[in-house]
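Structure, as structure tokens:
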Amino acid sequence: MPELPEVTSLARQMDRELRGRRITDVDVVQPRCLNVPPEEFRQLLVRTQVTRVTSRGKWIFVDLEPRTTFLLNLGMGGEVLFHRRDEPLPRNRQSTILFEDGTAFSQHFWWFGYVHAVKTTELASHAMTSSLGLDPLDDGEFTLDAFEELLEEKKRSTIKTVLLDQKNIAGIGNVYIQDILFTAGVHPLRKTSDVTVSERSLLYDAIRSQLRNALELGGLAYEKDLYNKPGRFKDFLVGYREGKPCPVCGTIVQKIRTGSTVSFICPHCQT
Ligand SMILES: [Zn+2]
């Protein structure tokens with residue numbers, strides 16, 4: 001499932017590749033992914049021009065002139081691909097955007113994703129993106145103070161639940177959370193109010209370094225980028241290493257259920 005590093009990488013590639021391109025047509029194969037009827041979706045996008053592509057958490061924002069924002073969320077994962085002129089489009093695509101110069105941009109979701117179009121003036125009332133929490137890679141926004149304030153506010157929940165809630169911090173999912181908790185030595189089921197001051201600071205540093213490192217490597221090795229190339233991040237500490245020794249103490253890594261998610265932990269290092 002793509003998380004902040006994969007989504008940010010993709011948005012950066014899209015910004016470089018799509019900026020300036022004019023949309024001439026939209027081909028919707030799967031209307032269930034849209035927020036409006038296909039005809040309205042088409043009207044919002046056709047004859048606009050891409051001015052900028054950014055991301056927040058797991059959402060990609062494509063600014064279009066005049067007055068439209070195209071929003072994309074890959075859900076559990078998928079392929080979001082750029083196609084040169086005359087290149088065949090993937091058969092399994094759920095929607096495609098066609099540009100004036102013959103290039104195209106297609107989306108295919110493995111399970112379910114969102115392809116939304118909103119008037120930019122109404123972006124603030126798009127519920128799924130307007131409720132997104134702190135951007136963990138924005139130094140001005142995601143400060144240690146802001147993080148501590150958040151943990152204080154949510155002190156009754158378990159720490160993993162707090163960190164995964166997109167309304168609190170946007171972009172951490174069940175992949176990167178594993179090594180973030182391990183690096184800070186915190187068990188996923190720990191009650192947030194019991195996380196000490198020094199552990200809070202370790203968690204804050206771990207969130208930033210884990211996500212930054214994965215972003216530098218272009219995201220996960222099993223996720224694909226705009227050109228269908230995989231990322232290079234694959235070296236987890238305890239994540240997905242069930243039955244293998246902990247890199248710090250050698251204790252066997254366990255896979256446990258934590259509410260609706262699974263967690264990989266070192267039972268010795270994480271308490
Ligand atoms: Zn250990």
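Chain labels A, B, ... are given in the sequence in which chains occur in the structure tokens; within each chain residues are numbered consecutively from 1, and ligands are likewise numbered from 1 in the order shown.
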**OP:** Would you kindly return, as a PyMOL selection string, each protein, DNA or RNA residue with an atom no farther than 7 Å from any atom of range 53-69 of chain A, considering only C-alpha atoms and excluding same-chain residues fewer than 5 positions away?
**Re:** chain A and resi 3-4+7-8+11+14-15+44+48+117-120+135+170-171
**OP:** Give the strand (DSSP E or B) residues of range 40-208 of chain A, as DSSP finds them on the backbone, and put them as a PyMOL selection string.
**Re:** chain A and resi 49-56+59-65+68-73+78-83+95-99+104-109+114-119+134+158+169+191
Using the selection just defined, write its residues with C-alpha atoms as a CSV table (one decimal), in the first residue's frame.
```
chain,number,residue,atom,x,y,z
A,49,GLN,CA,-4.0,22.8,-18.3
A,50,VAL,CA,-1.8,21.2,-15.5
A,51,THR,CA,-0.1,24.0,-13.5
A,52,ARG,CA,1.3,22.0,-10.6
A,53,VAL,CA,1.2,18.6,-8.8
A,54,THR,CA,1.7,18.3,-5.1
A,55,SER,CA,0.8,15.7,-2.4
A,56,ARG,CA,-0.4,15.5,1.2
A,59,TRP,CA,-3.4,12.1,-1.7
A,60,ILE,CA,-2.1,13.7,-4.9
A,61,PHE,CA,-3.3,17.1,-5.9
A,62,VAL,CA,-3.2,18.2,-9.6
A,63,ASP,CA,-3.9,21.9,-10.0
A,64,LEU,CA,-5.5,22.7,-13.3
A,65,GLU,CA,-6.1,26.0,-14.9
A,68,THR,CA,-10.2,22.7,-11.1
A,69,THR,CA,-8.3,20.4,-8.9
A,70,PHE,CA,-7.8,16.7,-9.8
A,71,LEU,CA,-7.4,14.5,-6.7
A,72,LEU,CA,-5.9,11.0,-6.7
A,73,ASN,CA,-5.7,8.4,-4.0
A,78,GLY,CA,-2.1,0.3,-8.2
A,79,GLU,CA,-0.4,1.7,-11.3
A,80,VAL,CA,-0.4,5.4,-12.2
A,81,LEU,CA,1.4,5.6,-15.4
A,82,PHE,CA,2.5,8.2,-18.0
A,83,HIS,CA,2.3,7.1,-21.7
A,95,SER,CA,-9.5,5.9,-16.1
A,96,THR,CA,-7.2,7.8,-18.5
A,97,ILE,CA,-6.5,11.4,-19.1
A,98,LEU,CA,-5.5,12.3,-22.6
A,99,PHE,CA,-3.3,15.3,-23.4
A,104,ALA,CA,-1.7,10.1,-21.6
A,105,PHE,CA,-1.9,9.4,-18.0
A,106,SER,CA,-3.7,6.3,-16.8
A,107,GLN,CA,-4.8,4.9,-13.4
A,108,HIS,CA,-5.4,1.3,-12.3
A,109,PHE,CA,-6.2,0.4,-8.8
A,114,TYR,CA,-10.2,7.6,-5.9
A,115,VAL,CA,-10.1,9.8,-8.9
A,116,HIS,CA,-11.9,13.0,-8.0
A,117,ALA,CA,-12.4,16.4,-9.7
A,118,VAL,CA,-13.5,19.4,-7.7
A,119,LYS,CA,-13.7,23.1,-8.5
A,134,LEU,CA,0.0,17.1,9.8
A,158,THR,CA,-3.0,3.2,21.7
A,169,ILE,CA,-0.5,12.7,10.7
A,191,LYS,CA,-1.3,3.5,25.6
```
Which chain A residues have any atom within 9 Å of an atom of ligand 1, and for each, what is the nearest pair of atoms with distance in Å to one decimal, counting only C-alpha atoms and all ligand atoms, rows sorted by chain and number, as CSV?
```
residue,atom,partner,partner_atom_place_in_ligand_line,distance
A:Phe182,CA,ligand 1,1 (Zn),8.4
A:Gly185,CA,ligand 1,1 (Zn),8.7
A:Val238,CA,ligand 1,1 (Zn),8.8
A:Pro245,CA,ligand 1,1 (Zn),7.8
A:Cys246,CA,ligand 1,1 (Zn),4.6
A:Pro247,CA,ligand 1,1 (Zn),6.6
A:Val248,CA,ligand 1,1 (Zn),5.0
A:Cys249,CA,ligand 1,1 (Zn),4.2
A:Gly250,CA,ligand 1,1 (Zn),5.9
A:Thr251,CA,ligand 1,1 (Zn),5.4
A:Ile252,CA,ligand 1,1 (Zn),7.8
A:Val253,CA,ligand 1,1 (Zn),7.7
A:Ile265,CA,ligand 1,1 (Zn),8.2
A:Cys266,CA,ligand 1,1 (Zn),4.8
A:Pro267,CA,ligand 1,1 (Zn),6.7
A:His268,CA,ligand 1,1 (Zn),5.0
A:Cys269,CA,ligand 1,1 (Zn),4.1
A:Gln270,CA,ligand 1,1 (Zn),7.2
```
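CA of Thr103 in chain A is found 14.0 Å from CA of Arg16 in chain A.
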**OP:** Excluding Leu220 in chain A and residues on its chain fewer than 3 positions from it, collect all residues at most 10 Å away from it, counting only C-alpha atoms, and give them as a ChimeraX atom specification.
**Re:** /A:1-3,5-6,175-176,214-215,217,223-225,230-235
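Closest approach to Tyr240 in chain A among A:Asn228, A:Asn174, A:Ser198, A:Thr183: A:Asn174, based on only C-alpha atoms.
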**OP:** Choose the residue, out of A:Ala206, A:Leu89, A:Leu150, A:Ala127, that has the smallest atom-to-atom separation from Asn35 in chain A; count only C-alpha atoms.
**Re:** A:Ala127
Original post:
Quick one: of A:Asn213, A:Ser125, A:Ser130, A:Gln30, who's nearest to Gly113 in chain A, counting only C-alpha atoms?
Top reply: A:Gln30
Original post:
Lys155 in chain A: which residues within 10 Å, counting only C-alpha atoms, same-chain residues fewer than 5 positions away excluded, as number ranges by chain?
Top reply: A: 149-150, 162, 191-195
Original post:
Skipping near chain neighbours, those fewer than 6 positions away, what residues fall within 12 Å of Leu189 in chain A using only C-alpha atoms, listed as an MDAnalysis selection string?
Top reply: chainID A and resid 156:163 181 195 256:265 267 270:271
Original post:
Between CA of Leu202 in chain A and CA of Pro188 in chain A, what is the distance, to one decimal in Å?
Top reply: 14.2 Å
